[in-house]
Amino acid sequence: MITTRDLMADDWRAWRDVRLAALSTDPGAYGSRYADWMDADEARWRSRIEDVELTVLLELDGFPVGVVCLAHDAAGPELISLWVAPQARGAGAGDAAVRHIVQRAADLHPGEPVVLHVKKTNGAAQRLYARNGFVVDGPNPADPSELRMHHRAAV
């Protein structure tokens, strides 16, 4: 069973373990690199949790298998840093993560559409987002290798 758990700064070790697994398993999916984070101290990990609005740990039968975050700035709420461990892919963790972020964003920022950016080459992620209500806006103006998508419920 997939569960979601909102993390606080004191949960930095759980965030660290899953994030390092994500960066080492799927290095091309993120702007950050494993080498940038592998020696980060506790203060940096805590700060990363505090710098985004919400960091969510995904668990399968009580074991950490992924993470997703909600950032918010002047452009609105953004789903970022979604990752699911290979052994949990296909078990519904990605769907649970997206639904959780969309619901929390709706609670925190009613009427504001959640946006995200996804690599054009990541068809599996694009399908995950589409089946959970996201539609493509076009290329990400800041990175032509990515698509920009928004959740249609708030538009």
# chains A, B, ... in the order shown; residues from 1 in each chain; ligands from 1
>>> residues_around(residues="Arg33 in chain A", least_positions_apart="5", cutoff="9 Å", atoms="only C-alpha atoms", output="list in words")
Leu23, Ser24, Pro27, Gly28 and Met38 of chain A
>>> select_by_dssp(residues="chain A", states="alpha helix (DSSP H)", output="VMD selection string")
chain A and resid 12 to 25 34 to 37 42 to 51 93 to 108 123 to 131
>>> closest_residue(among="A:Val136, A:Ala29, A:Ala153, A:Ala97", to="Thr121 in chain A", atoms="only C-alpha atoms")
A:Ala29
>>> residues_around(residues="Asp73 in chain A", least_positions_apart="6", cutoff="12 Å", atoms="only C-alpha atoms", output="ChimeraX atom specification")
/A:51-53,79,109,112,114-115
>>> residues_around(residues="Met149 in chain A", least_positions_apart="2", cutoff="12 Å", atoms="only C-alpha atoms", output="number ranges by chain")
A: 78-80, 113-120, 125-130, 132-141, 146-147, 151-152, 155
>>> decode(residues="range 102-142 of chain A", atoms="N, CA and C atoms", output="PDB file, in the first residue's frame")
ATOM      1  N   VAL A 102      -1.421  17.860  -5.896  1.00  0.00           N
ATOM      2  CA  VAL A 102      -2.519  18.641  -6.481  1.00  0.00           C
ATOM      3  C   VAL A 102      -3.529  19.013  -5.395  1.00  0.00           C
ATOM      4  N   GLN A 103      -3.862  18.077  -4.515  1.00  0.00           N
ATOM      5  CA  GLN A 103      -4.827  18.367  -3.446  1.00  0.00           C
ATOM      6  C   GLN A 103      -4.273  19.381  -2.455  1.00  0.00           C
ATOM      7  N   ARG A 104      -3.028  19.192  -2.043  1.00  0.00           N
ATOM      8  CA  ARG A 104      -2.440  20.135  -1.084  1.00  0.00           C
ATOM      9  C   ARG A 104      -2.310  21.525  -1.698  1.00  0.00           C
ATOM     10  N   ALA A 105      -1.952  21.601  -2.974  1.00  0.00           N
ATOM     11  CA  ALA A 105      -1.861  22.899  -3.651  1.00  0.00           C
ATOM     12  C   ALA A 105      -3.231  23.556  -3.713  1.00  0.00           C
ATOM     13  N   ALA A 106      -4.281  22.770  -3.986  1.00  0.00           N
ATOM     14  CA  ALA A 106      -5.641  23.323  -4.025  1.00  0.00           C
ATOM     15  C   ALA A 106      -6.049  23.849  -2.652  1.00  0.00           C
ATOM     16  N   ASP A 107      -5.652  23.158  -1.598  1.00  0.00           N
ATOM     17  CA  ASP A 107      -5.960  23.607  -0.227  1.00  0.00           C
ATOM     18  C   ASP A 107      -5.207  24.889   0.113  1.00  0.00           C
ATOM     19  N   LEU A 108      -3.942  24.946  -0.271  1.00  0.00           N
ATOM     20  CA  LEU A 108      -3.082  26.073   0.098  1.00  0.00           C
ATOM     21  C   LEU A 108      -3.233  27.278  -0.825  1.00  0.00           C
ATOM     22  N   HIS A 109      -3.571  27.013  -2.098  1.00  0.00           N
ATOM     23  CA  HIS A 109      -3.617  28.071  -3.108  1.00  0.00           C
ATOM     24  C   HIS A 109      -4.828  27.881  -4.016  1.00  0.00           C
ATOM     25  N   PRO A 110      -6.026  28.032  -3.476  1.00  0.00           N
ATOM     26  CA  PRO A 110      -7.235  27.776  -4.273  1.00  0.00           C
ATOM     27  C   PRO A 110      -7.251  28.583  -5.570  1.00  0.00           C
ATOM     28  N   GLY A 111      -7.611  27.896  -6.644  1.00  0.00           N
ATOM     29  CA  GLY A 111      -7.750  28.557  -7.928  1.00  0.00           C
ATOM     30  C   GLY A 111      -6.465  28.739  -8.711  1.00  0.00           C
ATOM     31  N   GLU A 112      -5.322  28.475  -8.104  1.00  0.00           N
ATOM     32  CA  GLU A 112      -4.052  28.615  -8.816  1.00  0.00           C
ATOM     33  C   GLU A 112      -3.692  27.272  -9.448  1.00  0.00           C
ATOM     34  N   PRO A 113      -3.410  27.246 -10.741  1.00  0.00           N
ATOM     35  CA  PRO A 113      -3.054  25.977 -11.377  1.00  0.00           C
ATOM     36  C   PRO A 113      -1.659  25.498 -10.965  1.00  0.00           C
ATOM     37  N   VAL A 114      -1.548  24.220 -10.689  1.00  0.00           N
ATOM     38  CA  VAL A 114      -0.243  23.615 -10.423  1.00  0.00           C
ATOM     39  C   VAL A 114       0.451  23.421 -11.766  1.00  0.00           C
ATOM     40  N   VAL A 115       1.706  23.795 -11.832  1.00  0.00           N
ATOM     41  CA  VAL A 115       2.491  23.591 -13.036  1.00  0.00           C
ATOM     42  C   VAL A 115       3.633  22.629 -12.734  1.00  0.00           C
ATOM     43  N   LEU A 116       4.242  22.125 -13.783  1.00  0.00           N
ATOM     44  CA  LEU A 116       5.431  21.291 -13.655  1.00  0.00           C
ATOM     45  C   LEU A 116       6.205  21.343 -14.952  1.00  0.00           C
ATOM     46  N   HIS A 117       7.430  20.877 -14.892  1.00  0.00           N
ATOM     47  CA  HIS A 117       8.277  20.758 -16.073  1.00  0.00           C
ATOM     48  C   HIS A 117       8.791  19.332 -16.129  1.00  0.00           C
ATOM     49  N   VAL A 118       8.755  18.756 -17.325  1.00  0.00           N
ATOM     50  CA  VAL A 118       9.149  17.361 -17.500  1.00  0.00           C
ATOM     51  C   VAL A 118       9.999  17.253 -18.761  1.00  0.00           C
ATOM     52  N   LYS A 119      11.013  16.399 -18.696  1.00  0.00           N
ATOM     53  CA  LYS A 119      11.871  16.197 -19.863  1.00  0.00           C
ATOM     54  C   LYS A 119      11.039  15.682 -21.037  1.00  0.00           C
ATOM     55  N   LYS A 120      11.290  16.225 -22.213  1.00  0.00           N
ATOM     56  CA  LYS A 120      10.569  15.791 -23.410  1.00  0.00           C
ATOM     57  C   LYS A 120      10.785  14.309 -23.689  1.00  0.00           C
ATOM     58  N   THR A 121      11.900  13.780 -23.249  1.00  0.00           N
ATOM     59  CA  THR A 121      12.227  12.373 -23.493  1.00  0.00           C
ATOM     60  C   THR A 121      11.618  11.429 -22.454  1.00  0.00           C
ATOM     61  N   ASN A 122      10.966  11.968 -21.426  1.00  0.00           N
ATOM     62  CA  ASN A 122      10.422  11.135 -20.350  1.00  0.00           C
ATOM     63  C   ASN A 122       8.939  10.859 -20.592  1.00  0.00           C
ATOM     64  N   GLY A 123       8.670   9.970 -21.533  1.00  0.00           N
ATOM     65  CA  GLY A 123       7.292   9.639 -21.882  1.00  0.00           C
ATOM     66  C   GLY A 123       6.503   9.044 -20.741  1.00  0.00           C
ATOM     67  N   ALA A 124       7.139   8.246 -19.899  1.00  0.00           N
ATOM     68  CA  ALA A 124       6.421   7.631 -18.770  1.00  0.00           C
ATOM     69  C   ALA A 124       5.912   8.708 -17.816  1.00  0.00           C
ATOM     70  N   ALA A 125       6.739   9.699 -17.517  1.00  0.00           N
ATOM     71  CA  ALA A 125       6.316  10.782 -16.626  1.00  0.00           C
ATOM     72  C   ALA A 125       5.212  11.617 -17.274  1.00  0.00           C
ATOM     73  N   GLN A 126       5.333  11.883 -18.565  1.00  0.00           N
ATOM     74  CA  GLN A 126       4.295  12.647 -19.258  1.00  0.00           C
ATOM     75  C   GLN A 126       2.955  11.927 -19.197  1.00  0.00           C
ATOM     76  N   ARG A 127       2.964  10.612 -19.360  1.00  0.00           N
ATOM     77  CA  ARG A 127       1.717   9.832 -19.274  1.00  0.00           C
ATOM     78  C   ARG A 127       1.154   9.855 -17.852  1.00  0.00           C
ATOM     79  N   LEU A 128       2.026   9.759 -16.854  1.00  0.00           N
ATOM     80  CA  LEU A 128       1.601   9.849 -15.454  1.00  0.00           C
ATOM     81  C   LEU A 128       0.890  11.178 -15.206  1.00  0.00           C
ATOM     82  N   TYR A 129       1.502  12.262 -15.616  1.00  0.00           N
ATOM     83  CA  TYR A 129       0.912  13.575 -15.389  1.00  0.00           C
ATOM     84  C   TYR A 129      -0.395  13.737 -16.171  1.00  0.00           C
ATOM     85  N   ALA A 130      -0.439  13.279 -17.406  1.00  0.00           N
ATOM     86  CA  ALA A 130      -1.652  13.410 -18.224  1.00  0.00           C
ATOM     87  C   ALA A 130      -2.821  12.650 -17.609  1.00  0.00           C
ATOM     88  N   ARG A 131      -2.578  11.444 -17.123  1.00  0.00           N
ATOM     89  CA  ARG A 131      -3.699  10.690 -16.547  1.00  0.00           C
ATOM     90  C   ARG A 131      -4.156  11.258 -15.205  1.00  0.00           C
ATOM     91  N   ASN A 132      -3.359  12.172 -14.657  1.00  0.00           N
ATOM     92  CA  ASN A 132      -3.733  12.838 -13.405  1.00  0.00           C
ATOM     93  C   ASN A 132      -4.146  14.287 -13.624  1.00  0.00           C
ATOM     94  N   GLY A 133      -4.548  14.619 -14.860  1.00  0.00           N
ATOM     95  CA  GLY A 133      -5.163  15.912 -15.115  1.00  0.00           C
ATOM     96  C   GLY A 133      -4.272  17.017 -15.623  1.00  0.00           C
ATOM     97  N   PHE A 134      -3.025  16.726 -15.979  1.00  0.00           N
ATOM     98  CA  PHE A 134      -2.136  17.750 -16.500  1.00  0.00           C
ATOM     99  C   PHE A 134      -2.188  17.773 -18.024  1.00  0.00           C
ATOM    100  N   VAL A 135      -2.077  18.967 -18.575  1.00  0.00           N
ATOM    101  CA  VAL A 135      -2.042  19.145 -20.020  1.00  0.00           C
ATOM    102  C   VAL A 135      -0.792  19.947 -20.387  1.00  0.00           C
ATOM    103  N   VAL A 136      -0.291  19.711 -21.575  1.00  0.00           N
ATOM    104  CA  VAL A 136       0.925  20.368 -22.050  1.00  0.00           C
ATOM    105  C   VAL A 136       0.612  21.791 -22.493  1.00  0.00           C
ATOM    106  N   ASP A 137       1.420  22.748 -22.012  1.00  0.00           N
ATOM    107  CA  ASP A 137       1.339  24.141 -22.445  1.00  0.00           C
ATOM    108  C   ASP A 137       2.268  24.400 -23.622  1.00  0.00           C
ATOM    109  N   GLY A 138       3.360  23.661 -23.688  1.00  0.00           N
ATOM    110  CA  GLY A 138       4.382  23.869 -24.707  1.00  0.00           C
ATOM    111  C   GLY A 138       5.742  23.666 -24.085  1.00  0.00           C
ATOM    112  N   PRO A 139       6.786  24.099 -24.778  1.00  0.00           N
ATOM    113  CA  PRO A 139       8.135  23.940 -24.220  1.00  0.00           C
ATOM    114  C   PRO A 139       8.346  24.843 -23.004  1.00  0.00           C
ATOM    115  N   ASN A 140       9.214  24.417 -22.119  1.00  0.00           N
ATOM    116  CA  ASN A 140       9.613  25.230 -20.982  1.00  0.00           C
ATOM    117  C   ASN A 140      10.511  26.344 -21.516  1.00  0.00           C
ATOM    118  N   PRO A 141      10.109  27.615 -21.374  1.00  0.00           N
ATOM    119  CA  PRO A 141      10.926  28.709 -21.917  1.00  0.00           C
ATOM    120  C   PRO A 141      12.348  28.743 -21.342  1.00  0.00           C
ATOM    121  N   ALA A 142      12.516  28.237 -20.125  1.00  0.00           N
ATOM    122  CA  ALA A 142      13.836  28.262 -19.490  1.00  0.00           C
ATOM    123  C   ALA A 142      14.707  27.077 -19.879  1.00  0.00           C
TER     124      ALA A 142
END
